[in-house]
Every structure is written in C-alpha cells, then in structure tokens.
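Written out below as structure tokens is the structure these notes cover.
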Amino acid sequence: MGAFYDTYLLFRVYPILLLFSTSFFFSVSSALSSSCKLRRQFHLNGLHKAGDVVLGGLFEVHYTSVFPEWTFTSEPEQPTCKGFDTQGFRHTMTMVFAVDEINSNSNLLPNLTLGYSLYDNCGALVIGFRAALALASGQEEQFLLQENCFGTPPVLGIVGDSYSTFTIATSNVLGLFRLPMVSHFATCSCLSDRQRFPSFFRTIPSDAFQVRAMIQILKHFGWTWVGLLVSDDDYGLHVARSFQSDLVQAGGGCLAYAEVLPWGNDPAELRRIVDVMKKSTARVVMVFAHEIHIYKLMEEVVMQNVTGLQWMASEAWASVDVLQTPDFMPYLGGTLGIAIRRGEIAGFKDFLLRIHPNQHHNNYGNSLVRVNQFWEDIFQCKFAPPPAGWVEAGRALCTGQEVLHNVESELFDVSNLRPEYNVYKAVYALAYAIDDMLSCVPGRGPFSGHSCATLQRLEPWQLVYYLDKVNFTTPFGDQVTFDENGDALPIYDVMNWLWLPDGKAKIQNVGEVKESAKGKELTLDEAKIFWNFESKQPPWSVCSESCPPGTRMARKKGEPECCFDCIPCSEGKISNKTDSMECTSCPEDFWSSPQRDHCVPKKTEFLSYQEPLGICLTTASLLGTFICAVVLVIFIYHRSTPMVRANNSELSFLLLVSLKLCFLCSLLFIGRPSQWTCQLRHAAFGISFVLCVSCILVKTMVVLAVFKASQPGGGASLKWFGAVQQRGTVLVLTSIQATICTAWLVSFSPVPHKNTQYYNDKIVYECVVGSTIGFAVLLGYISLLAILSFLLAFLARNLPDNFNEAKLITFSMLIFCAVWVAFVPAYVNSPGKYADAVEVFAILASSFGLLVALFGPKCYIILLRPERNTKKAIMGRGTTKS
C-alpha cells in the first residue's frame with residue numbers, strides 16, 4: 001500500500017501542489033502591476049504572533065484528518081482534524097516558548113521582535129503542504145510590491161515538518177526559492193542531497209547515521225542474524241536500502257528477512273509478517289517505523305504469542321510510552337533502541353503550566369482550536385454545547401477556570417525532552433542566523449561587492465548562507481552546527497525498556513552513540529540493561545555459529561553470507577582466528593598443530609642415540625669394537641703360538657684393527673647429521689672396509705703363493721709376498737680408496753639436508769651424498785676387492801694348507817657379499833633414518849661376519865682347545881688331509 005501511496009503522491013498530488021505553489025508566488029494581477037493578490041484562502045488550524053520577523057512552523061497536533069474531494073477550480077472546504085496528539089502539541093508549544101525566550105534575551109536580536117506563524121498538518125500531506133505554501137506566500141488578500149516584488153518574505157524560515165515524506169514534498173518546492181527549512185524530526189537520508197534540497201537543514205541526525213549506530217550495537221553484542229521491519233514510506237524504504245548496504249560494508253551481519261509494514265488496516269499482511277518472524281531463527285528484530293505501525297504489529301504478535309525476541313527500536317518509537325502497556329511489555333520488555341538526544345529546557349515546565357485558551361488567538365480573532373482541544377483533552381470537558389448524552393457520559397462543560405497544576409499528564413514531564421529539544425535548537429539556529437546577518441558591516445559583507453543582506457531587500461538564499469555558518473552552544477551544553485549537507489552533529493542516546501516487577505514500565509538511558517573526529521563511538525553501561533529473558537543475558541542471534549580457530553568458513557549455496565559451514569583446515573594449514581575465510585599454509589619447517597590453530601615446528605627425524613633402534617645399533621657397534629679389541633689382545637698374548645704364527649700374524653693384527661675401525665665408523669651414521677659427520681662417515685666407511693678387504697685379499701694371495709711355492713720350481717713366487725710386499729699391497733689398495741674419497745669430498749661433498757619429501761609433518765635430517773657417482777665408485781671399489789677375494793679364496797678352499805684358512809676366507813667373503821648385495825635395494829627403499837639404519841646394519845653384519853668367520857675358529861682353539869695349538873697338531877692335521 002505504501003508503494004502505491006508514494007506513486008500516487010508522485011504522479012497525482014505533487015504536480016497539483018507544484019501548480020499551487022507557482023500560483024502563490026507568481027499570481028500578479030493584470031490590472032495592478034505593482035500589487036499581488038492572493039488567489040485562494042486556506043482555512044487551517046494555526047497559531048500566530050506578530051513580529052518584526054516571522055518564523056513559520058509545521059507540527060502534527062492531530063494525527064488524522066477528514067476533508068472532501070477537491071480540485072484546483074473548486075473552493076476547498078475546511079478539513080476536519082481528529083485525534084489530538086499531546087506530543088505534537090508540546091512540540092508546538094516548544095517553538096512558542098523558544099520565540100518568547102529569544103524576545104526576552106537582550107543579547108540575541110536585541111532590536112528585533114520575533115513572531116511566529118504555526119500550522120497543524122493534521123497528519124496529512126496535502127494539509128501540511130497547504131500550510132507550507134501559506135507560510136511561504138502569506139495570507140494577506142492583497143499587498144503592494146516594492147521595486148519589482150522585493151520585500152520582506154512572509155516568513156524567513158520554517159521549523160518542521162515531522163514526517164520525512166511531508167518534508168520531502170515541501171522542501172522540493174520551497175527549495176526552488178531557497179526558503180530555509182529546519183526540521184526537528186525528518187530523518188530520511190535522502191534529505192542530505194544538497195542538490196535536490198539546497199535550503200534544507202535539520203537538528204536531528206539523518207537515518208544514515210541512525211543505521212550506522214544500529215550496526216554498532218549489533219556488532220557490540222555479536223548479533224549477525226537479524227530481521228528488519230520498515231514502514232512503507234520514504235523513511236522506512238530509504239532506511240532499508242541504507243541498512244542493507246551498510247551492513248554488508250561493515251561486515252556486521254546479514255538480514256534473515258526484510259519486511260515492509262503496511263499502512264492502514266491489513267490483518268492478512270500482518271499475520272504473514274509475524275509468521276515469518278516466528279519461523280525465522282533470528283532472535284533480533286530491528287524496526288524502523290512509526291508508532292502506529294508498531295502498535296498494529298504488536299497486536300498481531302500478542303495474538304500469535306511470539307516470544308523470545310530482542311526488539312531494536314529506531315528513534316521514531318524508541319521513547320514512545322504509548323506502547324508500554326501491560327499487554328505489550330511481556331514482549332517488548334528489554335527493547336533496545338536509539339533515541340534523539342535528550343536535552344533540558346529551563347523554564348519550559350512553568351511555561352506549559354501557564355497555557356490557557358484565552359492566551360492565544362489567531363489573526364482572525366477566533367480562539368485557537370488547538371489550544372481549546374488541548375484543554376478539552378487534559379480536563380476531559382467540552383467548550384462548545386455538547387451533543388445530547390455527553391454530560392451523562394461523564395464529559396462536563398469547560399469553564400476555563402480549571403487548574404493545570406492539579407493534572408497529572410505526560411505533557412508536563414520535561415525530564416525527557418527529545419523532539420522538543422530539537423525544535424528548541426531549530427528555532428535558535430534560525431535566530432542566530434538572522435542575528436549574524438543583521439550584524440553584517442556594510443562593505444564587509446559576504447555577497448557581491450562585499451554587500452550585506454537587509455530585511456527590506458532580503459532574499460531567502462542569503463539567510464541560507466548564514467545558516468550554513470551557524471555555530472552556537474545551547475544552555476544544556478550541546479554544540480549546534482550544520483555540515484555541508486545541512487545535517488546536525490550526529491549523536492543518539494541508547495534506550496532500554498525496563499519492565500519492573502510491579503508491572504510498570506520505564507525507559508532508561510543506557511549509553512550513547514556518536515560520530516566525532518575519532519570515528520564512531522559507542523558507550524554502553526551493560527550493567528543497567530534489562531534483558532527480557534530467563535537467563536537475564538543478551539540473546540544469541542546468528543545464522544551459523546562462529547567457526548573456531550582451526551577451521552574456515554564455507555558459504556552455504558543460495559544462502560546469505562552469514563550462513564556457512566565450518567570446514568577443518570587440511571594438514572599443514574591453520575587458521576588462528578575466529579571466522580577465518582581461508583586457511584594459511586605453515587612455513588616449510590613448521591606443521592599444523594592437531595587443532596589446526598597454530599603452526600608448530602616439524603618433528604625432526606634422524607637415527608638418534610636416544611631411540612631404541614639407535615641404542616641397539618650403538619650397542620652392537622661398541623660390542624663389535626670390544627670383541628675386536630679382545631681378539632686382538634688374545635692374538636697379541638698368544639702371538640708366539642703356532643696358530644697365530646701360522647695365520648700371518650701381522651695381517652691378522654691389521655685385519656683386526658680394520659675391523660675395529662669398521663665397527664666404530666658405524667657410529668658416524670647415528671646422531672644428528674652435521675657437516676663433518678656427513679663428510680667423514682662415508683670416507684671412514686669406505687677406507688675402513690677397503691683396508692679390511694685388502695688384508696683379506698693379501699692373505700688369500702699369500703695362501704695361494706705358499707701352495708705354489710710348495711710345488712717343484714715354485715719357490716721363486718714367495719719373494720713377491722714377503723712382509724714388505726704385503727704391507728705395500730695393502731697400503732696401495734687402501735690409498736686408491738682414499739684417493740676416491742678425497743676426489744669425492746673435494747668435488748661434491750656430502751652435506752646435511754632437511755628432507756621434507758618423505759613425510760609432511762616431519763623433517764628428516766639426512767646426509768645427501770653429493771655425488772651419486774662418487775658413492776657408487778666407493779662401493780664399487782669395495783665390491784671389486786671383495787669379489788676378487790671371494791674368487792681367490794674359493795679357488796684355494798681345498799688346498800692342503802695349515803688350518804685351511806682359505807675356506808674360512810671363502811665363507812667370510814660369502815657372508816660379506818651377501819650382506820652388501822641385500823643392502824642396495826634395502827637402502828634405496830628405506831626412507832629417512834631407516835636408510836641410515838640399513839647402512840649401519842650392513843656395516844655391522846658384514847663386520848661381525850668377517851670377525852666370526854675368520855677369528856672365531858682360531859679363538860676357539862687358542863682358548864678352549866690349547867692341545868691343538870701346537871706345531872705338531874697343525875702339521876699333523878695338514879699331513880692327514882694330504
């Protein structure tokens with residue numbers, strides 16, 4: 001209905017109103033070029049006072065009106081206004097009081113008397129527009145023009161109107177003539193358009209700030225899922241657009257629903273809206289509407305018993321006590337809202353108590369209808385002879401002698417002046433602008449040629465100039481000034497509806513919200529706030545619960561952005577704040593915690609001395625070293641025995657030392673890799689094993705040489721296998737490996753490396769060989785010597801040798817080759833520390849194999865069968881074999 005109403009105003013009413021306005025301003029008699037004649041007389045409820053300068057006012061003293069159909073050509077009849085509005089009457093009286101106070105102030109407009117001409121808009125746009133045109137054009141039947149229509153305008157400025165829609169219509173026309181209009185209650189943000197409304201000002205903040213203030217409260221309590229109800233007019237529809245856009249920009253939440261409250265009586269639509277509210281999961285409902293809308297809505301809410309909602313009120317109804325009834329308060333208790341800044345006006349209550357019907361008359365000599373109706377409303381009486389039955393119904397005749405001091409009425413409660421305070425500031429703003437204009441020094445003025453404005457030749461836009469510059473402080477301590485859009489400094493009080501245990505209601509101030517150079521500021525005294533819930537705590541109103549750290553938000557398809565799922569971050573990624581949109585990857589050396597809310601250093605993995613595997617290998621290595629040392633001691637102690645002497649004692653000693661080095665070099669593969677251990681481990685391993693295998697190879701070759709020397713004519717071969725040649729051969733063979741290791745370390749040295757490829761959550765410390773070729777040559781050379789030793793020993797296994805050492809060498813080299821052949825695939829397929837463990841195991845296994853195979857039987861005879869450790873026994877055994 002509201003959309004139809006606005007369309008009707010746009011296409012039918014506004015053109016007629018504009019036509020009326022042009023007739024008022026440009027109706028010049030064809031007979032008299034120096035005079036203007038009023039084309040039509042409007043009979044409106046008004047309150048007037050003469051003065052040197054007159055200010056106009058538009059207020060809603062009645063909230064309904066009945067008037068017949070009218071056209072431009074027919075004489076309109078006097079409309080009938082009904083429903084006396086006490087608050088509107090008090091707004092009117094505030095302007096009367098302000099004008100009287102200014103007139104008694106010798107410091108403001110000292111040589112000038114202010115008058116006023118106030119009209120009742122009766123809650124109807126057409127009547128309000130008529131009144132505005134009457135103020136702009138005057139009500140005189142005919143007046144002379146001076147110098148081509150120059151002269152003092154009928155009014156210099158207008159205070160009002162109360163409704164945004166009325167103000168838009170009026171200011172659209174008055175703005176064409178730059179007539180100043182200062183509203184105390186019109187909040188539509190559209191009125192901040194200076195191009196469209198060049199002479200409009202207001203002492204109430206615009207809805208744009210009201211919306212931002214509401215969003216501040218929503219964010220403060222964490223309410224991200226709210227419903228929005230607006231009235232079907234300029235006020236509500238502009239707020240709806242502004243609220244939705246600002247809410248998205250502020251990231252403050254989402255709208256669960258947005259509904260337009262109908263004008264008039266539409267029970268079906270109200271039932272539908274309340275049903276939407278009841279089904280929604282949103283616990284917070286914001287309402288930008290007038291009290292008449294809220295009243296009808298709450299009747300339906302009570303009927304459907306919709307409880308558990310947190311209501312948020314716009315300034316239009318946040319401080320309206322007519323809604324605080326026993327029926328509504330169980331639902332509206334705890335309402336939070338923003339209200340117009342409260343102010344104090346000294347002496348205003350005494351002024352209200354002096355109001356009397358005989359005190360005010362209009363220019364036509366009739367007693368003012370609105371004052372009479374106020375008197376009738378206060379004392380429940382009637383001035384005119386009442387219709388039959390009134391006296392019986394309890395309505396007596398008014399005598400005019402009634403005493404206001406004996407009446408309890410909200411009209412006289414001046415402790416909570418809000419719209420009235422804005423009216424007061426609006427009147428003073430116009431007065432200060434006029435005072436500044438009259439204080440202009442000729443030759444130093446702001447206009448062309450440094451001229452000043454005068455009352456005799458005043459043009460309305462000149463007063464607009466001074467209104468733009470207004471800056472004063474009220475007795476209450478508030479600064480009044482206007483920005484470039486004509487808006488006042490934005491500040492609101494935050495109100496809370498308190499439902500007392502005795503069933504009474506109270507509206508209390510619990511904070512304020514304002515904008516300043518520091519930005520938006522919200523101050524709340526949460527300890528004072530009454531919450532109408534069993535928990536006595538603020539409600540929780542979200543579409544989806546906040547995603548905790550360790551998760552990210554995933555929008556639900558087709559739903560508002562406040563509705564989402566919480567998806568845990570994948571491994572290696574984290575989110576360390578609530579409601580993260582994305583998970584961030586941890587740095588390379590870090591991994592996500594189990595909760596995925598922070599990065600932790602990755603576990604480092606290497607073959608450690610502290611872990612069981614490392615302990616076992618270390619123990620085996622030390623055990624092997626110890627056994628080698630014991631065997632070496634045994635051999636040294638029994639070096640003069642036939643068993644030791646017959647088995648090439650010097651090479652045996654060297655072999656035991658090399659085996660000892662092999663066992664010890666395995667320790668370089670255990671522990672955290674470092675630069676020196678990486679370089680030393682393979683070099684020590686390679687040289688130690690070459691030394692060991694070289695000794696075995698030389699021993700094998702010596703066995704073959706001895707057997708050949710025992711053959712006829714073979715004695716000459718022994719000269720190539722003397723002690724010097726044996727030592728030289730071992731040294732040469734070992735030097736070749738040392739050369740290989742040196743070249744490898746110089747060209748592509750092994751280095752420690754943090755490997756992250758094996759595991760995502762671990763760092764494997766390993767030694768990178770640097771050159772695979774170098775490592776392959778090192779192993780290949782050992783393999784070559786080992787294979788050669790195996791082949792020679794295999795060929796000599798059945799030779800008639802003392803104790804047949806060739807057979808033992810064959811068996812030991814078979815073990816050695818088998819271990820290292822199995823090592824290669826196991827090493828390649830073992831990740832991280834297990835590769836080192838495999839290599840250590842191969843070193844230890846091959847070393848133990850050589851040690852046991854070569855020295856086990858000999859130690860057995862030396863220690864346990866000493867009777868066999870004689871030259872005769874050894875030689876006899878050899879004779880028996882042959």
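Chain identifiers are assigned as A, B, and so on, following the order in which chains appear in the structure tokens; residues are numbered from 1 within each chain, and ligands are numbered from 1 in order of appearance.
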Residues near segment 540-545 of chain A, cut-off 10 Å, only C-alpha atoms, skip fewer than 2 positions along chain, as a VMD selection string: chain A and resid 218 221 to 226 253 to 256 280 to 285 309 to 310 537 to 538 547 to 548 553 559 to 566 579
Store the residues of this selection in a file with N, CA, C and O atoms, as a short mmCIF file (atom, residue, chain, number, x, y, z; two decimals), in the first residue's frame.
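Saved the output as part.cif:
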data_model
loop_
_atom_site.label_atom_id
_atom_site.label_comp_id
_atom_site.auth_asym_id
_atom_site.auth_seq_id
_atom_site.Cartn_x
_atom_site.Cartn_y
_atom_site.Cartn_z
N LEU A 218 24.70 -3.79 17.01
CA LEU A 218 24.68 -5.19 16.58
C LEU A 218 26.06 -5.83 16.72
O LEU A 218 26.22 -6.94 17.23
N PHE A 221 27.21 -6.62 20.40
CA PHE A 221 26.66 -7.81 21.03
C PHE A 221 26.85 -9.06 20.18
O PHE A 221 26.42 -10.14 20.57
N GLY A 222 27.47 -8.92 19.01
CA GLY A 222 27.72 -10.09 18.17
C GLY A 222 26.50 -10.63 17.49
O GLY A 222 26.44 -11.82 17.15
N TRP A 223 25.50 -9.77 17.26
CA TRP A 223 24.27 -10.21 16.57
C TRP A 223 24.47 -10.07 15.07
O TRP A 223 24.48 -8.96 14.52
N THR A 224 24.63 -11.18 14.40
CA THR A 224 24.89 -11.16 12.95
C THR A 224 23.72 -11.67 12.13
O THR A 224 23.79 -11.68 10.90
N TRP A 225 22.65 -12.07 12.78
CA TRP A 225 21.50 -12.64 12.05
C TRP A 225 20.25 -11.94 12.58
O TRP A 225 19.76 -12.24 13.66
N VAL A 226 19.76 -10.94 11.84
CA VAL A 226 18.68 -10.09 12.33
C VAL A 226 17.59 -9.96 11.28
O VAL A 226 17.83 -10.10 10.08
N GLY A 253 26.89 -8.41 9.65
CA GLY A 253 25.90 -9.46 9.71
C GLY A 253 25.06 -9.53 8.45
O GLY A 253 25.39 -8.96 7.41
N CYS A 254 23.95 -10.24 8.56
CA CYS A 254 23.06 -10.46 7.43
C CYS A 254 21.61 -10.32 7.89
O CYS A 254 21.30 -10.44 9.07
N LEU A 255 20.77 -10.09 6.91
CA LEU A 255 19.34 -9.99 7.18
C LEU A 255 18.68 -11.35 6.97
O LEU A 255 18.80 -11.94 5.90
N ALA A 256 18.02 -11.82 8.03
CA ALA A 256 17.27 -13.07 7.89
C ALA A 256 16.02 -12.86 7.05
O ALA A 256 15.60 -13.73 6.29
N SER A 280 11.52 -17.74 11.67
CA SER A 280 12.93 -17.42 11.48
C SER A 280 13.76 -17.78 12.71
O SER A 280 13.27 -17.76 13.84
N THR A 281 15.02 -18.11 12.47
CA THR A 281 15.95 -18.39 13.57
C THR A 281 16.57 -17.12 14.14
O THR A 281 17.30 -17.18 15.13
N ALA A 282 16.30 -15.98 13.51
CA ALA A 282 16.84 -14.70 14.01
C ALA A 282 16.12 -14.31 15.29
O ALA A 282 14.89 -14.29 15.34
N ARG A 283 16.90 -14.01 16.32
CA ARG A 283 16.33 -13.62 17.61
C ARG A 283 16.27 -12.12 17.80
O ARG A 283 15.72 -11.65 18.80
N VAL A 284 16.83 -11.36 16.88
CA VAL A 284 16.86 -9.91 16.98
C VAL A 284 16.02 -9.33 15.84
O VAL A 284 16.20 -9.72 14.67
N VAL A 285 15.11 -8.41 16.17
CA VAL A 285 14.24 -7.79 15.18
C VAL A 285 14.44 -6.28 15.26
O VAL A 285 14.22 -5.67 16.32
N LEU A 309 12.05 -12.75 21.48
CA LEU A 309 12.67 -11.86 20.50
C LEU A 309 13.27 -10.65 21.21
O LEU A 309 12.72 -10.15 22.20
N GLN A 310 14.40 -10.22 20.71
CA GLN A 310 15.02 -8.99 21.17
C GLN A 310 14.69 -7.89 20.16
O GLN A 310 15.15 -7.92 19.03
N GLN A 537 20.55 -12.46 30.23
CA GLN A 537 21.74 -12.19 29.44
C GLN A 537 21.33 -11.84 28.01
O GLN A 537 20.22 -12.16 27.57
N PRO A 538 22.21 -11.19 27.25
CA PRO A 538 21.87 -10.88 25.86
C PRO A 538 21.61 -12.16 25.08
O PRO A 538 22.25 -13.19 25.33
N CYS A 547 33.01 -19.94 13.40
CA CYS A 547 33.98 -21.00 13.15
C CYS A 547 35.19 -20.78 14.06
O CYS A 547 35.83 -19.72 13.98
N PRO A 548 35.52 -21.74 14.90
CA PRO A 548 36.65 -21.55 15.82
C PRO A 548 37.97 -21.60 15.06
O PRO A 548 38.02 -22.02 13.89
N MET A 553 35.49 -20.81 7.04
CA MET A 553 34.08 -20.68 6.68
C MET A 553 33.86 -21.11 5.24
O MET A 553 34.62 -20.73 4.35
N GLU A 559 22.40 -19.17 0.20
CA GLU A 559 22.01 -18.56 1.47
C GLU A 559 22.90 -17.35 1.74
O GLU A 559 23.97 -17.20 1.13
N PRO A 560 22.47 -16.45 2.65
CA PRO A 560 23.29 -15.27 2.96
C PRO A 560 24.67 -15.66 3.46
O PRO A 560 24.90 -16.78 3.91
N GLU A 561 25.58 -14.68 3.40
CA GLU A 561 26.96 -14.98 3.75
C GLU A 561 27.14 -15.31 5.23
O GLU A 561 28.17 -15.87 5.62
N CYS A 562 26.16 -14.98 6.07
CA CYS A 562 26.26 -15.33 7.49
C CYS A 562 25.91 -16.79 7.74
O CYS A 562 26.06 -17.27 8.87
N CYS A 563 25.42 -17.47 6.74
CA CYS A 563 25.08 -18.88 6.88
C CYS A 563 26.19 -19.69 6.22
O CYS A 563 26.40 -19.59 5.01
N PHE A 564 26.89 -20.47 7.01
CA PHE A 564 28.07 -21.16 6.49
C PHE A 564 28.32 -22.42 7.30
O PHE A 564 27.74 -22.64 8.36
N ASP A 565 29.19 -23.26 6.75
CA ASP A 565 29.68 -24.44 7.45
C ASP A 565 31.11 -24.18 7.86
O ASP A 565 31.83 -23.39 7.23
N CYS A 566 31.54 -24.85 8.91
CA CYS A 566 32.92 -24.73 9.38
C CYS A 566 33.69 -25.96 8.94
O CYS A 566 33.39 -27.08 9.38
N ASP A 579 36.27 -17.28 12.62
CA ASP A 579 35.61 -16.97 11.35
C ASP A 579 36.61 -16.63 10.25
O ASP A 579 36.46 -15.65 9.51
#
Segment 420-434 of chain A surroundings by only C-alpha atoms, 7 Å radius, close-in-sequence under 5 positions cut, as a PDB file with C-alpha atoms, in the first residue's frame:
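Output file part-v4.pdb is given in full below:
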ATOM      1  CA  HIS A  91       6.367  20.427  20.080  1.00  0.00           C
ATOM      2  CA  THR A  94       8.274  24.450  22.464  1.00  0.00           C
ATOM      3  CA  MET A  95       8.572  26.778  19.480  1.00  0.00           C
ATOM      4  CA  ALA A  98      11.713  29.478  22.275  1.00  0.00           C
ATOM      5  CA  GLY A 157      12.310  30.275   7.757  1.00  0.00           C
ATOM      6  CA  VAL A 159      10.631  24.828  11.525  1.00  0.00           C
ATOM      7  CA  VAL A 182      14.864  23.400   9.578  1.00  0.00           C
ATOM      8  CA  HIS A 184      13.295  18.645  14.028  1.00  0.00           C
ATOM      9  CA  THR A 203      18.675  19.319  14.080  1.00  0.00           C
ATOM     10  CA  ILE A 204      18.099  15.560  14.193  1.00  0.00           C
ATOM     11  CA  GLY A 343      18.050  17.871  26.429  1.00  0.00           C
ATOM     12  CA  LEU A 463      19.708  33.512   5.097  1.00  0.00           C
ATOM     13  CA  TYR A 466      24.201  32.300   7.358  1.00  0.00           C
ATOM     14  CA  LEU A 467      22.505  29.056   8.436  1.00  0.00           C
ATOM     15  CA  VAL A 470      25.674  28.782  12.411  1.00  0.00           C
TER      16      VAL A 470
END
Quick one: everything within 7 Å of Tyr492 of chain A, counting only C-alpha atoms, minus sequence neighbours fewer than 2 positions away in the same chain. Send it as number ranges by chain. A: 338-341, 490, 494, 512-514
Please compute the atom CA of Ile574 of chain A-atom CA of Ser592 of chain A distance, one decimal, in Å.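 Computed distance, atom CA of Ile574 of chain A to atom CA of Ser592 of chain A, equals 6.0 Å.
In this structure, atom CA of Gln757 of chain A sits 12.9 Å away from atom CA of Thr604 of chain A.
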Contact residues around segment 122-139 of chain A with only C-alpha atoms at 6 Å, ignoring same-chain residues under 2 positions, as an MDAnalysis selection string: chainID A and resid 24 60 62:65 81 120 154 166 170
Could you take the residues named above and write them with all heavy atoms, as an mmCIF file, in the first residue's frame?
data_model
loop_
_atom_site.group_PDB
_atom_site.id
_atom_site.type_symbol
_atom_site.label_atom_id
_atom_site.label_comp_id
_atom_site.auth_asym_id
_atom_site.auth_seq_id
_atom_site.Cartn_x
_atom_site.Cartn_y
_atom_site.Cartn_z
ATOM 1 N N PHE A 24 0.934 30.774 -6.061
ATOM 2 C CA PHE A 24 1.161 31.636 -4.912
ATOM 3 C C PHE A 24 2.279 32.622 -5.171
ATOM 4 O O PHE A 24 2.187 33.793 -4.810
ATOM 5 C CB PHE A 24 1.491 30.778 -3.684
ATOM 6 C CG PHE A 24 0.285 30.200 -3.020
ATOM 7 C CD1 PHE A 24 0.086 28.834 -3.003
ATOM 8 C CD2 PHE A 24 -0.657 31.026 -2.429
ATOM 9 C CE1 PHE A 24 -1.031 28.299 -2.400
ATOM 10 C CE2 PHE A 24 -1.775 30.486 -1.820
ATOM 11 C CZ PHE A 24 -1.967 29.123 -1.808
ATOM 12 N N GLU A 60 2.456 18.329 13.932
ATOM 13 C CA GLU A 60 1.312 17.422 13.901
ATOM 14 C C GLU A 60 0.621 17.468 15.263
ATOM 15 O O GLU A 60 1.022 16.802 16.208
ATOM 16 C CB GLU A 60 1.761 15.992 13.609
ATOM 17 C CG GLU A 60 0.588 15.014 13.516
ATOM 18 C CD GLU A 60 1.044 13.569 13.470
ATOM 19 O OE1 GLU A 60 1.933 13.201 14.259
ATOM 20 O OE2 GLU A 60 0.499 12.809 12.662
ATOM 21 N N HIS A 62 -2.805 17.016 15.353
ATOM 22 C CA HIS A 62 -3.821 15.973 15.178
ATOM 23 C C HIS A 62 -3.237 14.923 14.231
ATOM 24 O O HIS A 62 -2.488 15.260 13.306
ATOM 25 C CB HIS A 62 -5.120 16.542 14.587
ATOM 26 C CG HIS A 62 -5.789 17.543 15.481
ATOM 27 N ND1 HIS A 62 -5.428 18.874 15.511
ATOM 28 C CD2 HIS A 62 -6.798 17.400 16.386
ATOM 29 C CE1 HIS A 62 -6.175 19.522 16.380
ATOM 30 N NE2 HIS A 62 -7.026 18.655 16.938
ATOM 31 N N TYR A 63 -3.569 13.686 14.445
ATOM 32 C CA TYR A 63 -2.946 12.642 13.636
ATOM 33 C C TYR A 63 -3.868 12.035 12.593
ATOM 34 O O TYR A 63 -3.475 11.133 11.881
ATOM 35 C CB TYR A 63 -2.354 11.536 14.513
ATOM 36 C CG TYR A 63 -3.250 10.978 15.580
ATOM 37 C CD1 TYR A 63 -4.209 10.013 15.283
ATOM 38 C CD2 TYR A 63 -3.110 11.398 16.903
ATOM 39 C CE1 TYR A 63 -5.009 9.500 16.275
ATOM 40 C CE2 TYR A 63 -3.913 10.875 17.904
ATOM 41 C CZ TYR A 63 -4.865 9.922 17.585
ATOM 42 O OH TYR A 63 -5.662 9.393 18.570
ATOM 43 N N THR A 64 -5.104 12.520 12.484
ATOM 44 C CA THR A 64 -5.970 12.112 11.372
ATOM 45 C C THR A 64 -6.732 13.329 10.887
ATOM 46 O O THR A 64 -6.912 14.311 11.620
ATOM 47 C CB THR A 64 -6.991 11.028 11.792
ATOM 48 O OG1 THR A 64 -7.800 11.535 12.853
ATOM 49 C CG2 THR A 64 -6.279 9.760 12.231
ATOM 50 N N SER A 65 -7.166 13.269 9.639
ATOM 51 C CA SER A 65 -7.934 14.379 9.075
ATOM 52 C C SER A 65 -8.961 13.828 8.108
ATOM 53 O O SER A 65 -8.779 12.783 7.493
ATOM 54 C CB SER A 65 -7.001 15.354 8.336
ATOM 55 O OG SER A 65 -6.324 14.686 7.293
ATOM 56 N N CYS A 81 -9.846 17.944 11.495
ATOM 57 C CA CYS A 81 -8.719 17.226 12.076
ATOM 58 C C CYS A 81 -9.164 16.536 13.356
ATOM 59 O O CYS A 81 -9.817 17.146 14.199
ATOM 60 C CB CYS A 81 -7.564 18.183 12.375
ATOM 61 S SG CYS A 81 -6.893 18.973 10.888
ATOM 62 N N ASP A 120 -0.977 23.332 11.876
ATOM 63 C CA ASP A 120 -1.174 21.914 12.178
ATOM 64 C C ASP A 120 -1.321 21.163 10.857
ATOM 65 O O ASP A 120 -2.193 21.484 10.048
ATOM 66 C CB ASP A 120 -2.437 21.761 13.040
ATOM 67 C CG ASP A 120 -2.754 20.304 13.370
ATOM 68 O OD1 ASP A 120 -1.903 19.438 13.101
ATOM 69 O OD2 ASP A 120 -3.853 20.057 13.907
ATOM 70 N N PRO A 154 6.976 36.691 3.795
ATOM 71 C CA PRO A 154 6.037 36.482 4.903
ATOM 72 C C PRO A 154 6.706 35.788 6.097
ATOM 73 O O PRO A 154 6.456 36.140 7.239
ATOM 74 C CB PRO A 154 4.954 35.601 4.272
ATOM 75 C CG PRO A 154 5.012 35.949 2.817
ATOM 76 C CD PRO A 154 6.456 36.196 2.522
ATOM 77 N N PHE A 166 6.505 14.172 4.193
ATOM 78 C CA PHE A 166 5.956 15.529 4.110
ATOM 79 C C PHE A 166 7.070 16.529 3.840
ATOM 80 O O PHE A 166 6.922 17.458 3.047
ATOM 81 C CB PHE A 166 5.253 15.890 5.419
ATOM 82 C CG PHE A 166 4.035 15.048 5.732
ATOM 83 C CD1 PHE A 166 3.693 13.969 4.941
ATOM 84 C CD2 PHE A 166 3.225 15.349 6.827
ATOM 85 C CE1 PHE A 166 2.573 13.207 5.228
ATOM 86 C CE2 PHE A 166 2.106 14.594 7.118
ATOM 87 C CZ PHE A 166 1.789 13.504 6.313
ATOM 88 N N THR A 170 7.486 19.129 0.676
ATOM 89 C CA THR A 170 7.518 20.572 0.930
ATOM 90 C C THR A 170 8.847 21.183 0.514
ATOM 91 O O THR A 170 8.908 22.217 -0.148
ATOM 92 C CB THR A 170 7.256 20.848 2.422
ATOM 93 O OG1 THR A 170 6.010 20.253 2.792
ATOM 94 C CG2 THR A 170 7.217 22.327 2.699
#
Contacts of Cys741 of chain A at 12 Å (only C-alpha atoms; same-chain gap of 4+ positions) as an MDAnalysis selection string: chainID A and resid 679:688 690 734:737 745:750 769 771 773:779 781
Counting only C-alpha atoms, which of A:Arg90, A:Ser593, A:Gln725, A:Leu617 gets nearest to Ala845 of chain A? A:Leu617
